[in-house]
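Coordinates as given in query39.txt (compact mmCIF, C-alpha atoms):
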# COMPACT_ATOMS: atom_id res chain seq x y z
CA MET A 113 1.01 33.38 12.43
CA THR A 114 0.99 30.21 14.47
CA GLN A 115 1.94 26.94 12.88
CA ASN A 116 -0.65 24.23 13.47
CA LYS A 117 1.24 21.37 15.05
CA ASN A 118 -1.65 18.99 14.57
CA SER A 119 -1.09 18.71 10.84
CA VAL A 120 2.04 17.93 8.87
CA ASP A 121 3.96 20.76 7.25
CA GLY A 122 2.85 20.96 3.66
CA GLY A 123 -0.63 20.07 4.61
CA THR A 124 -3.56 17.80 4.57
CA LEU A 125 -3.67 15.13 1.89
CA PHE A 126 -5.74 15.77 -1.22
CA PHE A 127 -8.98 13.83 -1.21
CA ARG A 128 -8.80 10.63 -3.18
CA ASP A 129 -10.80 10.65 -6.42
CA ARG A 130 -12.69 7.41 -5.94
CA ASP A 131 -14.17 7.62 -9.44
CA TRP A 132 -10.68 7.51 -10.90
CA HIS A 133 -9.54 4.46 -8.92
CA PRO A 134 -11.27 1.13 -9.51
CA PRO A 135 -14.33 0.66 -7.27
CA ALA A 136 -14.18 -2.16 -4.72
CA LEU A 137 -16.87 -4.26 -6.37
CA THR A 138 -15.94 -5.22 -9.94
CA PRO A 139 -17.78 -8.43 -10.96
CA GLY A 140 -15.57 -8.93 -14.04
CA TYR A 141 -12.77 -9.64 -11.57
CA LYS A 142 -14.54 -12.40 -9.68
CA THR A 143 -12.54 -12.43 -6.46
CA SER A 144 -13.61 -8.85 -5.74
CA THR A 145 -17.23 -9.93 -5.30
CA THR A 146 -16.64 -11.41 -1.83
CA ARG A 147 -13.81 -9.07 -0.82
CA ALA A 148 -15.43 -5.72 -1.58
CA PRO A 149 -16.86 -3.80 1.40
CA PHE A 150 -20.57 -3.11 0.86
CA ARG A 151 -20.97 -0.32 3.41
CA PRO A 152 -19.91 3.21 2.47
CA LEU A 153 -16.43 4.28 3.53
CA ILE A 154 -16.28 6.72 6.46
CA ALA A 155 -14.88 9.83 4.81
CA MET A 156 -13.06 12.68 6.54
CA PRO A 157 -9.95 14.83 6.06
CA SER A 158 -6.62 13.25 6.89
CA THR A 159 -5.14 13.40 10.40
CA LEU A 160 -1.55 13.05 11.59
CA SER A 161 -2.01 9.28 11.35
CA GLU A 162 -2.35 9.55 7.56
CA GLU A 163 -0.10 12.60 7.04
CA THR A 164 2.93 10.97 8.65
CA GLY A 165 4.43 7.72 7.44
CA PRO A 166 7.49 5.51 7.67
CA ALA A 167 10.83 6.84 6.40
CA PHE A 168 13.45 4.65 4.74
CA GLY A 169 17.17 5.21 4.46
CA HIS A 170 19.81 4.33 1.90
CA SER A 171 21.63 2.08 4.35
CA MET A 172 19.12 -0.75 3.99
CA PHE A 173 19.74 -1.25 0.26
CA GLY A 174 22.08 -3.75 -1.32
CA GLU A 175 23.97 -2.96 -4.51
CA LEU A 176 21.83 -5.25 -6.70
CA ASP A 177 18.46 -4.53 -5.08
CA ASN A 178 17.19 -2.72 -8.19
CA ASN A 179 18.78 -5.17 -10.64
CA LEU A 180 16.37 -8.07 -11.05
CA ILE A 181 18.49 -9.60 -13.80
CA LEU A 182 21.28 -10.34 -11.35
CA ASN A 183 19.91 -10.09 -7.80
CA PHE A 184 18.81 -13.70 -7.34
CA THR A 185 21.92 -15.76 -8.06
CA GLY A 186 24.36 -13.34 -9.65
CA GLN A 187 23.88 -15.12 -12.98
CA PRO A 188 21.71 -13.32 -15.57
CA ALA A 189 17.99 -14.09 -15.87
CA VAL A 190 16.52 -15.11 -19.24
CA GLY A 191 14.34 -12.64 -21.13
CA GLU A 192 14.08 -9.33 -22.91
CA ARG A 193 16.31 -6.96 -20.97
CA ILE A 194 14.65 -3.66 -20.04
CA ILE A 195 15.21 -0.59 -17.94
CA LEU A 196 12.05 0.44 -16.10
CA HIS A 197 12.41 4.03 -15.01
CA GLY A 198 10.34 7.07 -14.18
CA ARG A 199 9.57 9.57 -11.46
CA ILE A 200 7.57 9.48 -8.29
CA LEU A 201 5.53 12.69 -8.30
CA ASP A 202 2.70 14.08 -6.25
CA GLU A 203 -0.49 15.62 -7.58
CA ASN A 204 1.15 19.05 -7.37
CA GLY A 205 3.64 17.82 -9.96
CA ARG A 206 6.62 17.82 -7.64
CA GLY A 207 9.11 14.97 -7.54
CA VAL A 208 8.98 13.07 -4.27
CA PRO A 209 12.42 12.03 -2.96
CA GLY A 210 13.19 9.17 -0.61
CA VAL A 211 10.20 7.07 -1.64
CA LEU A 212 10.56 3.31 -1.21
CA VAL A 213 9.67 1.70 -4.53
CA GLU A 214 9.29 -2.09 -4.54
CA ILE A 215 8.44 -4.19 -7.59
CA TRP A 216 7.62 -7.83 -8.26
CA GLN A 217 6.84 -9.72 -11.43
CA ALA A 218 6.63 -13.00 -13.30
CA ASN A 219 9.61 -14.26 -15.28
CA ALA A 220 9.93 -14.08 -19.08
CA GLY A 221 7.69 -17.14 -19.44
CA GLY A 222 4.94 -15.68 -17.25
CA ARG A 223 5.71 -17.79 -14.16
CA TYR A 224 5.99 -16.40 -10.63
CA ARG A 225 8.38 -17.70 -8.02
CA HIS A 226 5.54 -18.36 -5.56
CA LYS A 227 4.23 -21.56 -4.02
CA LYS A 228 0.70 -20.71 -5.22
CA ASP A 229 1.69 -20.42 -8.89
CA GLY A 230 1.51 -23.74 -10.74
CA TYR A 231 1.56 -22.44 -14.32
CA LEU A 232 3.32 -24.85 -16.70
CA ALA A 233 5.91 -22.32 -17.86
CA PRO A 234 9.14 -23.16 -16.00
CA LEU A 235 10.84 -21.16 -13.28
CA ASP A 236 14.05 -19.42 -14.30
CA PRO A 237 16.69 -20.57 -11.82
CA ASN A 238 18.29 -17.13 -12.01
CA PHE A 239 15.19 -15.01 -11.56
CA GLY A 240 13.70 -14.21 -8.15
CA GLY A 241 11.26 -11.58 -9.34
CA CYS A 242 11.57 -8.72 -6.87
CA GLY A 243 13.50 -5.47 -6.58
CA ARG A 244 13.51 -2.27 -4.58
CA THR A 245 15.02 1.19 -4.64
CA LEU A 246 14.68 4.65 -3.12
CA SER A 247 13.62 7.59 -5.30
CA ARG A 248 16.35 10.17 -5.84
CA PRO A 249 16.13 13.86 -4.83
CA ASP A 250 14.18 14.65 -8.03
CA GLY A 251 11.84 11.68 -7.50
CA SER A 252 13.42 9.53 -10.22
CA TYR A 253 13.90 5.79 -9.90
CA GLU A 254 15.28 3.01 -12.09
CA PHE A 255 15.24 -0.80 -12.30
CA LEU A 256 17.01 -3.21 -14.60
CA THR A 257 14.86 -6.27 -15.22
CA ILE A 258 13.43 -8.54 -17.91
CA ARG A 259 10.07 -7.97 -19.51
CA PRO A 260 7.62 -10.37 -17.81
CA GLY A 261 5.58 -12.79 -19.88
CA ALA A 262 1.79 -12.85 -20.13
CA TYR A 263 0.07 -15.73 -18.34
CA PRO A 264 -3.37 -17.31 -17.93
CA TRP A 265 -5.28 -17.06 -14.66
CA PRO A 266 -8.44 -18.59 -13.27
CA ASN A 267 -11.26 -16.07 -13.71
CA ARG A 268 -13.27 -16.62 -16.87
CA VAL A 269 -12.29 -19.70 -18.91
CA ASN A 270 -9.58 -18.06 -20.97
CA ASP A 271 -8.41 -14.91 -19.18
CA TRP A 272 -4.79 -13.84 -19.59
CA ARG A 273 -2.93 -11.15 -17.73
CA PRO A 274 -1.08 -8.69 -19.97
CA MET A 275 2.63 -8.31 -19.32
CA HIS A 276 2.87 -6.31 -16.11
CA ILE A 277 5.06 -5.38 -13.18
CA HIS A 278 3.57 -4.80 -9.73
CA ILE A 279 4.73 -1.55 -8.13
CA SER A 280 4.41 -0.60 -4.47
CA VAL A 281 5.14 2.97 -3.36
CA PHE A 282 5.19 4.90 -0.11
CA GLY A 283 4.91 8.66 0.09
CA SER A 284 5.80 10.70 3.12
CA GLY A 285 2.36 9.92 4.61
CA PHE A 286 0.76 6.55 5.29
CA GLY A 287 -2.39 7.82 3.55
CA GLN A 288 -0.43 8.03 0.27
CA ARG A 289 0.33 4.30 0.32
CA LEU A 290 -0.31 2.80 -3.11
CA ILE A 291 0.10 -0.43 -5.04
CA THR A 292 -0.47 -0.54 -8.77
CA GLN A 293 0.66 -2.40 -11.89
CA ASN A 294 2.43 -1.09 -14.94
CA TYR A 295 1.58 -2.38 -18.40
CA PHE A 296 3.56 -2.10 -21.62
CA GLU A 297 2.80 -0.07 -24.72
CA GLY A 298 1.22 -2.07 -27.51
CA ASP A 299 0.17 -5.15 -25.55
CA PRO A 300 -3.13 -6.40 -27.04
CA LEU A 301 -4.03 -8.16 -23.80
CA ILE A 302 -4.43 -4.87 -21.89
CA ALA A 303 -7.86 -4.13 -23.31
CA ARG A 304 -9.05 -7.67 -22.60
CA CYS A 305 -7.92 -7.88 -18.98
CA PRO A 306 -10.63 -7.92 -16.30
CA ILE A 307 -8.19 -6.54 -13.71
CA VAL A 308 -7.20 -3.62 -15.95
CA ASN A 309 -10.89 -3.07 -16.64
CA THR A 310 -11.73 -2.72 -12.96
CA ILE A 311 -10.75 0.87 -13.77
CA GLY A 312 -13.72 2.61 -15.34
CA LYS A 313 -12.06 5.49 -17.15
CA GLU A 314 -10.05 4.99 -20.31
CA GLU A 315 -7.81 7.93 -19.40
CA ALA A 316 -7.01 6.33 -16.04
CA ILE A 317 -6.08 3.04 -17.73
CA ARG A 318 -3.73 4.93 -20.05
CA ALA A 319 -1.94 6.23 -16.95
CA LEU A 320 -0.80 2.64 -16.27
CA VAL A 321 0.69 1.95 -19.71
CA ALA A 322 4.42 2.56 -19.91
CA PRO A 323 5.66 3.83 -23.29
CA LEU A 324 8.78 2.49 -24.95
CA ASP A 325 11.54 5.03 -24.29
CA MET A 326 14.29 4.68 -26.88
CA ASN A 327 16.20 7.62 -25.40
CA ARG A 328 16.91 5.55 -22.33
CA ALA A 329 17.51 2.25 -24.13
CA LEU A 330 21.14 1.11 -24.15
CA PRO A 331 22.36 0.10 -27.63
CA MET A 332 23.20 -3.61 -27.91
CA ASP A 333 22.07 -4.06 -24.28
CA CYS A 334 18.48 -3.29 -23.29
CA LEU A 335 15.25 -1.46 -24.14
CA ALA A 336 13.63 1.03 -21.76
CA TYR A 337 10.11 1.83 -20.62
CA LYS A 338 9.06 4.91 -18.68
CA PHE A 339 6.53 4.73 -15.87
CA ASP A 340 5.74 7.72 -13.64
CA VAL A 341 3.81 7.22 -10.42
CA VAL A 342 1.69 10.03 -8.97
CA LEU A 343 0.95 10.06 -5.24
CA ARG A 344 -1.78 11.99 -3.45
CA GLY A 345 -0.82 15.63 -3.10
CA ARG A 346 -0.77 17.81 -0.01
CA ARG A 347 -2.79 20.94 0.37
CA GLN A 348 -0.80 23.96 1.46
CA SER A 349 -2.71 26.91 2.77
CA PHE A 350 -1.70 29.61 5.18
CA PHE A 351 -5.32 29.79 6.23
CA GLU A 352 -5.22 26.17 7.28
CA ASN A 353 -2.20 26.85 9.50
CA LYS A 354 -3.93 29.74 11.22
CA ARG A 355 -5.57 29.08 14.53
CA GLU A 356 -9.15 30.14 15.17
CA GLY A 357 -9.31 33.76 16.28
CA MET A 358 -5.70 34.62 15.42
CA MET B 59 -10.61 29.88 -18.21
CA GLN B 60 -7.17 28.97 -16.90
CA ARG B 61 -6.19 25.35 -16.56
CA LEU B 62 -5.68 23.62 -13.20
CA ASP B 63 -2.45 21.81 -13.81
CA TYR B 64 -2.66 19.17 -11.11
CA LEU B 65 -1.74 15.60 -11.92
CA LYS B 66 -4.10 12.73 -11.17
CA GLU B 67 -3.08 10.11 -8.61
CA THR B 68 -1.94 6.89 -10.28
CA PRO B 69 -4.91 4.49 -10.30
CA SER B 70 -4.59 1.54 -7.96
CA GLN B 71 -4.50 -2.09 -9.03
CA THR B 72 -4.86 -5.14 -6.82
CA ALA B 73 -1.76 -6.41 -5.01
CA GLY B 74 -2.75 -9.84 -6.34
CA PRO B 75 -2.01 -13.28 -4.93
CA TYR B 76 1.76 -13.01 -5.35
CA VAL B 77 2.35 -9.86 -3.30
CA HIS B 78 4.72 -11.78 -1.01
CA ILE B 79 7.30 -12.10 -3.80
CA GLY B 80 7.80 -8.37 -3.73
CA LEU B 81 7.11 -7.37 -0.15
CA THR B 82 7.99 -10.36 2.05
CA PRO B 83 10.20 -12.62 -0.10
CA ASN B 84 11.95 -14.20 2.89
CA LYS B 85 8.68 -15.20 4.54
CA LEU B 86 7.63 -16.75 1.24
CA GLY B 87 10.81 -18.80 1.08
CA ASN B 88 12.55 -16.75 -1.62
CA ALA B 89 15.62 -16.10 0.50
CA GLY B 90 18.85 -14.64 -0.77
CA ILE B 91 17.69 -11.39 -2.36
CA TYR B 92 17.29 -9.21 0.74
CA PRO B 93 18.92 -10.02 4.09
CA ALA B 94 15.57 -9.51 5.84
CA ASP B 95 12.02 -8.54 4.98
CA LEU B 96 11.14 -4.93 5.72
CA GLY B 97 8.78 -4.06 8.57
CA GLU B 98 9.57 -7.11 10.70
CA SER B 99 8.77 -5.10 13.83
CA PRO B 100 7.49 -1.59 14.62
CA ILE B 101 9.67 -1.46 17.74
CA ARG B 102 13.20 -2.30 18.89
CA PRO B 103 13.91 -3.97 22.23
CA GLY B 104 14.44 -0.72 24.14
CA ALA B 105 11.15 0.89 23.09
CA LYS B 106 9.25 2.62 25.89
CA GLY B 107 5.69 1.59 26.61
CA GLU B 108 3.42 -1.33 27.35
CA ARG B 109 4.00 -4.40 25.17
CA VAL B 110 0.86 -5.56 23.41
CA THR B 111 0.21 -8.46 21.06
CA ILE B 112 -2.68 -8.17 18.63
CA SER B 113 -3.86 -11.19 16.66
CA GLY B 114 -6.58 -11.55 14.13
CA GLU B 115 -7.79 -12.82 10.82
CA VAL B 116 -9.41 -11.27 7.78
CA ARG B 117 -12.61 -12.86 6.47
CA ASP B 118 -14.46 -12.25 3.23
CA GLY B 119 -18.20 -11.90 2.69
CA ALA B 120 -18.61 -15.66 2.43
CA GLY B 121 -16.94 -16.17 5.81
CA MET B 122 -13.73 -17.53 4.31
CA ILE B 123 -10.45 -16.61 5.99
CA LEU B 124 -8.00 -14.84 3.69
CA ARG B 125 -4.66 -16.61 3.57
CA ASP B 126 -3.16 -14.23 1.05
CA THR B 127 -3.63 -10.87 2.75
CA LEU B 128 -0.86 -8.46 3.63
CA ILE B 129 -1.36 -5.76 6.26
CA GLU B 130 0.78 -2.76 7.04
CA THR B 131 0.50 -0.93 10.33
CA TRP B 132 1.54 2.60 11.35
CA GLN B 133 1.45 3.96 14.86
CA ALA B 134 2.78 6.55 17.24
CA ASP B 135 5.18 5.87 20.11
CA ALA B 136 3.98 5.59 23.73
CA ALA B 137 3.92 9.38 24.04
CA GLY B 138 1.79 9.80 20.91
CA ILE B 139 4.55 11.06 18.59
CA TYR B 140 4.96 9.58 15.11
CA PRO B 141 8.47 8.35 14.22
CA ALA B 142 8.74 10.36 10.99
CA ASN B 143 7.52 13.75 9.72
CA ASP B 144 5.79 14.57 13.00
CA PRO B 145 5.67 18.38 13.39
CA ARG B 146 5.60 18.05 17.19
CA GLY B 147 9.10 16.66 17.58
CA ALA B 148 11.18 13.51 17.74
CA ALA B 149 9.72 10.16 18.72
CA ASP B 150 11.26 7.40 20.81
CA PRO B 151 14.25 6.33 18.67
CA GLU B 152 13.49 2.68 19.42
CA VAL B 153 10.09 2.94 17.73
CA THR B 154 9.93 2.77 13.93
CA GLY B 155 6.12 2.69 14.02
CA TRP B 156 5.69 0.66 10.86
CA ALA B 157 5.18 -3.06 10.40
CA ARG B 158 4.32 -5.33 7.51
CA ILE B 159 2.54 -8.51 8.51
CA ILE B 160 1.08 -11.35 6.48
CA ALA B 161 -1.63 -13.88 7.12
CA ASP B 162 -0.25 -17.33 7.85
CA PHE B 163 -0.22 -19.31 4.58
CA ASP B 164 -2.08 -22.21 6.27
CA THR B 165 -4.31 -20.69 8.93
CA GLY B 166 -4.74 -17.06 7.84
CA GLU B 167 -3.91 -15.85 11.34
CA TRP B 168 -1.74 -12.74 11.71
CA THR B 169 -0.02 -11.29 14.77
CA LEU B 170 1.38 -7.86 15.54
CA ARG B 171 3.77 -7.45 18.47
CA THR B 172 4.19 -3.81 19.40
CA ILE B 173 3.71 -1.19 22.12
CA ARG B 174 0.48 0.56 22.99
CA PRO B 175 0.56 3.91 21.15
CA GLY B 176 -0.15 7.20 22.89
CA ARG B 177 -2.91 9.62 21.98
CA VAL B 178 -2.43 11.77 18.88
CA PRO B 179 -4.27 15.04 18.23
CA PHE B 180 -6.99 15.44 15.63
CA PRO B 181 -6.46 18.53 13.40
CA ASP B 182 -8.57 20.68 15.73
CA GLY B 183 -6.45 19.72 18.76
CA ARG B 184 -8.82 17.26 20.42
CA LEU B 185 -7.10 13.96 21.17
CA MET B 186 -7.87 10.82 19.21
CA ALA B 187 -8.01 7.62 21.25
CA PRO B 188 -4.88 5.43 20.96
CA HIS B 189 -5.01 3.60 17.66
CA ILE B 190 -2.94 1.82 15.03
CA ALA B 191 -3.61 2.65 11.38
CA LEU B 192 -3.97 -0.37 9.07
CA TRP B 193 -3.66 -0.72 5.33
CA ILE B 194 -4.96 -4.03 3.99
CA VAL B 195 -4.26 -5.44 0.54
CA ALA B 196 -4.94 -8.81 -1.09
CA ARG B 197 -6.07 -10.48 -4.27
CA GLY B 198 -9.56 -9.16 -5.01
CA ILE B 199 -9.00 -5.83 -3.22
CA ASN B 200 -8.69 -3.18 -5.93
CA LEU B 201 -7.53 -0.34 -3.67
CA GLY B 202 -5.85 -0.86 -0.29
CA LEU B 203 -8.33 -0.62 2.58
CA GLN B 204 -7.73 1.89 5.39
CA THR B 205 -8.94 1.01 8.86
CA ARG B 206 -7.79 1.41 12.49
CA ILE B 207 -7.29 -0.74 15.55
CA TYR B 208 -8.55 0.86 18.78
CA PHE B 209 -8.28 -0.76 22.22
CA GLU B 210 -11.17 -1.99 24.34
CA ASP B 211 -9.68 -0.64 27.56
CA GLU B 212 -9.25 2.98 26.42
CA ASP B 213 -11.61 5.94 26.44
CA ASN B 214 -12.82 5.60 22.87
CA ASP B 215 -16.03 7.60 23.29
CA SER B 216 -14.16 10.92 23.17
CA CYS B 217 -12.29 10.09 19.93
CA PRO B 218 -13.25 12.64 17.25
CA VAL B 219 -12.77 10.06 14.48
CA LEU B 220 -14.95 7.42 16.10
CA GLN B 221 -17.56 10.10 16.84
CA ARG B 222 -17.94 10.64 13.10
CA ILE B 223 -19.34 7.12 12.61
CA GLU B 224 -23.05 7.64 12.37
CA HIS B 225 -24.12 4.02 12.81
CA ARG B 226 -22.89 3.63 16.37
CA GLU B 227 -23.13 -0.16 16.44
CA ARG B 228 -20.38 -0.28 13.80
CA VAL B 229 -17.80 1.39 16.07
CA ARG B 230 -17.12 -1.90 17.83
CA THR B 231 -15.74 -3.33 14.56
CA LEU B 232 -12.72 -1.03 15.15
CA ILE B 233 -12.10 -2.01 18.76
CA ALA B 234 -9.70 -4.81 19.62
CA ARG B 235 -11.03 -7.13 22.33
CA LYS B 236 -8.80 -7.81 25.32
CA THR B 237 -8.20 -11.54 25.66
CA ALA B 238 -5.46 -11.57 28.32
CA PRO B 239 -3.16 -8.99 29.92
CA GLY B 240 -1.38 -7.31 27.01
CA ALA B 241 -3.20 -9.46 24.42
CA TYR B 242 -5.89 -8.34 22.02
CA ARG B 243 -8.00 -9.82 19.25
CA PHE B 244 -8.87 -7.84 16.11
CA ASP B 245 -10.74 -9.64 13.35
CA VAL B 246 -11.53 -7.88 10.10
CA ARG B 247 -14.67 -8.63 8.13
CA LEU B 248 -14.41 -7.30 4.57
CA GLN B 249 -18.07 -7.59 3.69
CA GLY B 250 -21.51 -8.40 5.04
CA GLU B 251 -22.62 -8.91 8.63
CA ASN B 252 -20.33 -7.09 11.12
CA GLU B 253 -18.47 -5.53 8.22
CA THR B 254 -15.45 -3.61 9.50
CA VAL B 255 -15.51 0.16 9.19
CA PHE B 256 -13.15 1.32 6.43
CA PHE B 257 -12.06 4.91 6.02
CA ASP B 258 -11.52 7.34 3.18
CA MET B 259 -9.08 9.76 4.84

Could the structure of this file be written out as structure tokens, please?
Amino acid sequence: MTQNKNSVDGGTLFFRDRDWHPPALTPGYKTSTTRAPFRPLIAMPSTLSEETGPAFGHSMFGELDNNLILNFTGQPAVGERIILHGRILDENGRGVPGVLVEIWQANAGGRYRHKKDGYLAPLDPNFGGCGRTLSRPDGSYEFLTIRPGAYPWPNRVNDWRPMHIHISVFGSGFGQRLITQNYFEGDPLIARCPIVNTIGKEEAIRALVAPLDMNRALPMDCLAYKFDVVLRGRRQSFFENKREGM
Amino acid sequence: MQRLDYLKETPSQTAGPYVHIGLTPNKLGNAGIYPADLGESPIRPGAKGERVTISGEVRDGAGMILRDTLIETWQADAAGIYPANDPRGAADPEVTGWARIIADFDTGEWTLRTIRPGRVPFPDGRLMAPHIALWIVARGINLGLQTRIYFEDEDNDSCPVLQRIEHRERVRTLIARKTAPGAYRFDVRLQGENETVFFDM
């Protein structure tokens, strides 16, 4: 049997379920109305350009990169201390190692350290708001941070974002690239949020809500929330690796 | 009936207006957390191949230039080998292939300085024309947009991906215009007239 060198070992990427993701045009989230493509996407199976992707090594990480409580000034940030942890998996259910996970978030008062954010809640001088790590051999990852505050945003007159952390993940292929947001169990603002509700399916929204995980909380120190991220899977078939006529 | 026990991909959410905090904190002015932003360049000084500079802007359906967009690029080396996971062998060690670029906060202009990639095979073995894969995110974009930069001065007609685009007049939205030796222009239109071709691959 001849290995097809025009496709990555482990196969073509699974097709994206576009009914599960939010569509591009979601009028409840006003900015999408001028930024959504109107023409249909050109759909076809992945090629090497999507099946390969950048690789990241341990050497680029600093000791405090995944500790948002301390990584800005070395002095602790204000807020409810939490561990955010979980696994990076693929649709086959396997842990994906070596994935670059980057997060960013508002501070405990709901204010971002960004020149475009003018919300009246103050900046925390000890909170930068970003962190990064590499998933371990079993796909697991972990951050120490503070729980971000909710904040108002200009959409409808009185829209508020639920508490959330932005999460960016790479797979082993550029076609697996994904950015999402994690929400927190029990937050009443989730159901009211136009950005959350760009997602049409209730079950898909639930996949973004991190449950409180008391088994990982540290007594007298911090609470914990668990958030798994699932990347597009790869199709593995011996038939696919077989050349025509062989 | 047995159960298919696949997981579902995590649903996407917009990168939002503050994406720079997480992905390019130094360019935002939040220095001191990371020594440098990731993806500063897809090549190192010794990379083989022709140097090219590609500039552009991203406009919305109202013709406004996006000043909050972030683009990632992924490309092969000059010989057409990808720098990671490529089953055909090792790429030029001076090519990382990946860059993360942002629109200028004032003008919206972005610039990619790289090498011209080589041709990469389509799954059936035919060669795709040289291209750079793009992934575009911003406030108002619910799921990152996949597109490609092709080059005006290459044989694009034989590319099996471009051949799949039924409305032929749209192909030119994927082709960077040569503006000077080694310089190209690639503007993205998210919506409306001359809307850029986006892929689901």

Which chain B residues are at most 7 Å from chain A (counting all atoms listed in the file), as a PDB file with C-alpha atoms, keeping the file's coordinate frame?
ATOM      1  CA  TYR B  64      -2.660  19.170 -11.110  1.00  0.00           C
ATOM      2  CA  LEU B  65      -1.740  15.600 -11.920  1.00  0.00           C
ATOM      3  CA  LYS B  66      -4.100  12.730 -11.170  1.00  0.00           C
ATOM      4  CA  GLU B  67      -3.080  10.110  -8.610  1.00  0.00           C
ATOM      5  CA  THR B  68      -1.940   6.890 -10.280  1.00  0.00           C
ATOM      6  CA  PRO B  69      -4.910   4.490 -10.300  1.00  0.00           C
ATOM      7  CA  SER B  70      -4.590   1.540  -7.960  1.00  0.00           C
ATOM      8  CA  GLN B  71      -4.500  -2.090  -9.030  1.00  0.00           C
ATOM      9  CA  THR B  72      -4.860  -5.140  -6.820  1.00  0.00           C
ATOM     10  CA  ALA B  73      -1.760  -6.410  -5.010  1.00  0.00           C
ATOM     11  CA  TYR B  76       1.760 -13.010  -5.350  1.00  0.00           C
ATOM     12  CA  ILE B  79       7.300 -12.100  -3.800  1.00  0.00           C
ATOM     13  CA  GLY B  80       7.800  -8.370  -3.730  1.00  0.00           C
ATOM     14  CA  GLY B  90      18.850 -14.640  -0.770  1.00  0.00           C
ATOM     15  CA  ILE B  91      17.690 -11.390  -2.360  1.00  0.00           C
ATOM     16  CA  ASP B 118     -14.460 -12.250   3.230  1.00  0.00           C
ATOM     17  CA  GLY B 119     -18.200 -11.900   2.690  1.00  0.00           C
ATOM     18  CA  ALA B 120     -18.610 -15.660   2.430  1.00  0.00           C
ATOM     19  CA  TYR B 140       4.960   9.580  15.110  1.00  0.00           C
ATOM     20  CA  ALA B 142       8.740  10.360  10.990  1.00  0.00           C
ATOM     21  CA  ASN B 143       7.520  13.750   9.720  1.00  0.00           C
ATOM     22  CA  ASP B 144       5.790  14.570  13.000  1.00  0.00           C
ATOM     23  CA  PRO B 145       5.670  18.380  13.390  1.00  0.00           C
ATOM     24  CA  ARG B 146       5.600  18.050  17.190  1.00  0.00           C
ATOM     25  CA  TRP B 156       5.690   0.660  10.860  1.00  0.00           C
ATOM     26  CA  PRO B 179      -4.270  15.040  18.230  1.00  0.00           C
ATOM     27  CA  PHE B 180      -6.990  15.440  15.630  1.00  0.00           C
ATOM     28  CA  PRO B 181      -6.460  18.530  13.400  1.00  0.00           C
ATOM     29  CA  GLY B 183      -6.450  19.720  18.760  1.00  0.00           C
ATOM     30  CA  ALA B 191      -3.610   2.650  11.380  1.00  0.00           C
ATOM     31  CA  GLY B 198      -9.560  -9.160  -5.010  1.00  0.00           C
ATOM     32  CA  ILE B 199      -9.000  -5.830  -3.220  1.00  0.00           C
ATOM     33  CA  ASN B 200      -8.690  -3.180  -5.930  1.00  0.00           C
ATOM     34  CA  LEU B 201      -7.530  -0.340  -3.670  1.00  0.00           C
ATOM     35  CA  ILE B 223     -19.340   7.120  12.610  1.00  0.00           C
ATOM     36  CA  LEU B 248     -14.410  -7.300   4.570  1.00  0.00           C
ATOM     37  CA  GLN B 249     -18.070  -7.590   3.690  1.00  0.00           C
ATOM     38  CA  GLY B 250     -21.510  -8.400   5.040  1.00  0.00           C
ATOM     39  CA  PHE B 256     -13.150   1.320   6.430  1.00  0.00           C
ATOM     40  CA  PHE B 257     -12.060   4.910   6.020  1.00  0.00           C
ATOM     41  CA  ASP B 258     -11.520   7.340   3.180  1.00  0.00           C
ATOM     42  CA  MET B 259      -9.080   9.760   4.840  1.00  0.00           C
TER      43      MET B 259
END

### Query
Which is closer to Ala137 of chain B than all the others in B:Arg174, B:Arg102, B:His78, B:Arg184, using only C-alpha atoms?
B:Arg174

### Point-to-point distance from atom CA of Leu81 of chain B to atom CA of Leu128 of chain B, Å rounded to tenths
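That distance, rounded to one decimal, is 8.9 Å.
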
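Atom CA of Pro306 of chain A is positioned 22.5 Å from atom CA of Arg125 of chain B.
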
### Query
Just how far from atom CA of Glu130 of chain B is atom CA of Leu192 of chain B, in Å to one decimal?
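About the pair atom CA of Leu192 of chain B and atom CA of Glu130 of chain B: they are 5.7 Å apart.
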
### Task
Tell me which protein, DNA and RNA residues are within 10 Å of Pro234 of chain A, counting only C-alpha atoms, leaving out same-chain ones fewer than 4 positions away, and put them as a PyMOL selection string.
chain A and resi 219-225+230

3 Å per side around segment 115-123 of chain B: axis-aligned box centre and edge lengths, as JSON:
{"center_x": -13.2, "center_y": -14.4, "center_z": 6.6, "size_x": 16.8, "size_y": 12.3, "size_z": 14.4}

### Message
Neighbouring residues of segment 212-221 of chain B were defined as those with any atom within 7 Å, considering all atoms listed in the file; residues of the same chain fewer than 5 positions away were excluded. Please report them as number ranges by chain.
### Response
B: 185-187, 229

### Query
Which neighbours of Pro103 of chain B fall inside 12 Å, counting all atoms listed in the file, when residues of the same chain fewer than 6 positions from it are skipped, and could you give them as number ranges by chain?
B: 109, 150-154, 171-173

### Query
Could you name the residues that touch segment 254-256 of chain A at 10 Å or less, counting only C-alpha atoms, but leaving out those on the same chain fewer than 5 positions away, as a ChimeraX atom specification?
/A:176-182,193-199,213-215,243-248,334-336,338-339
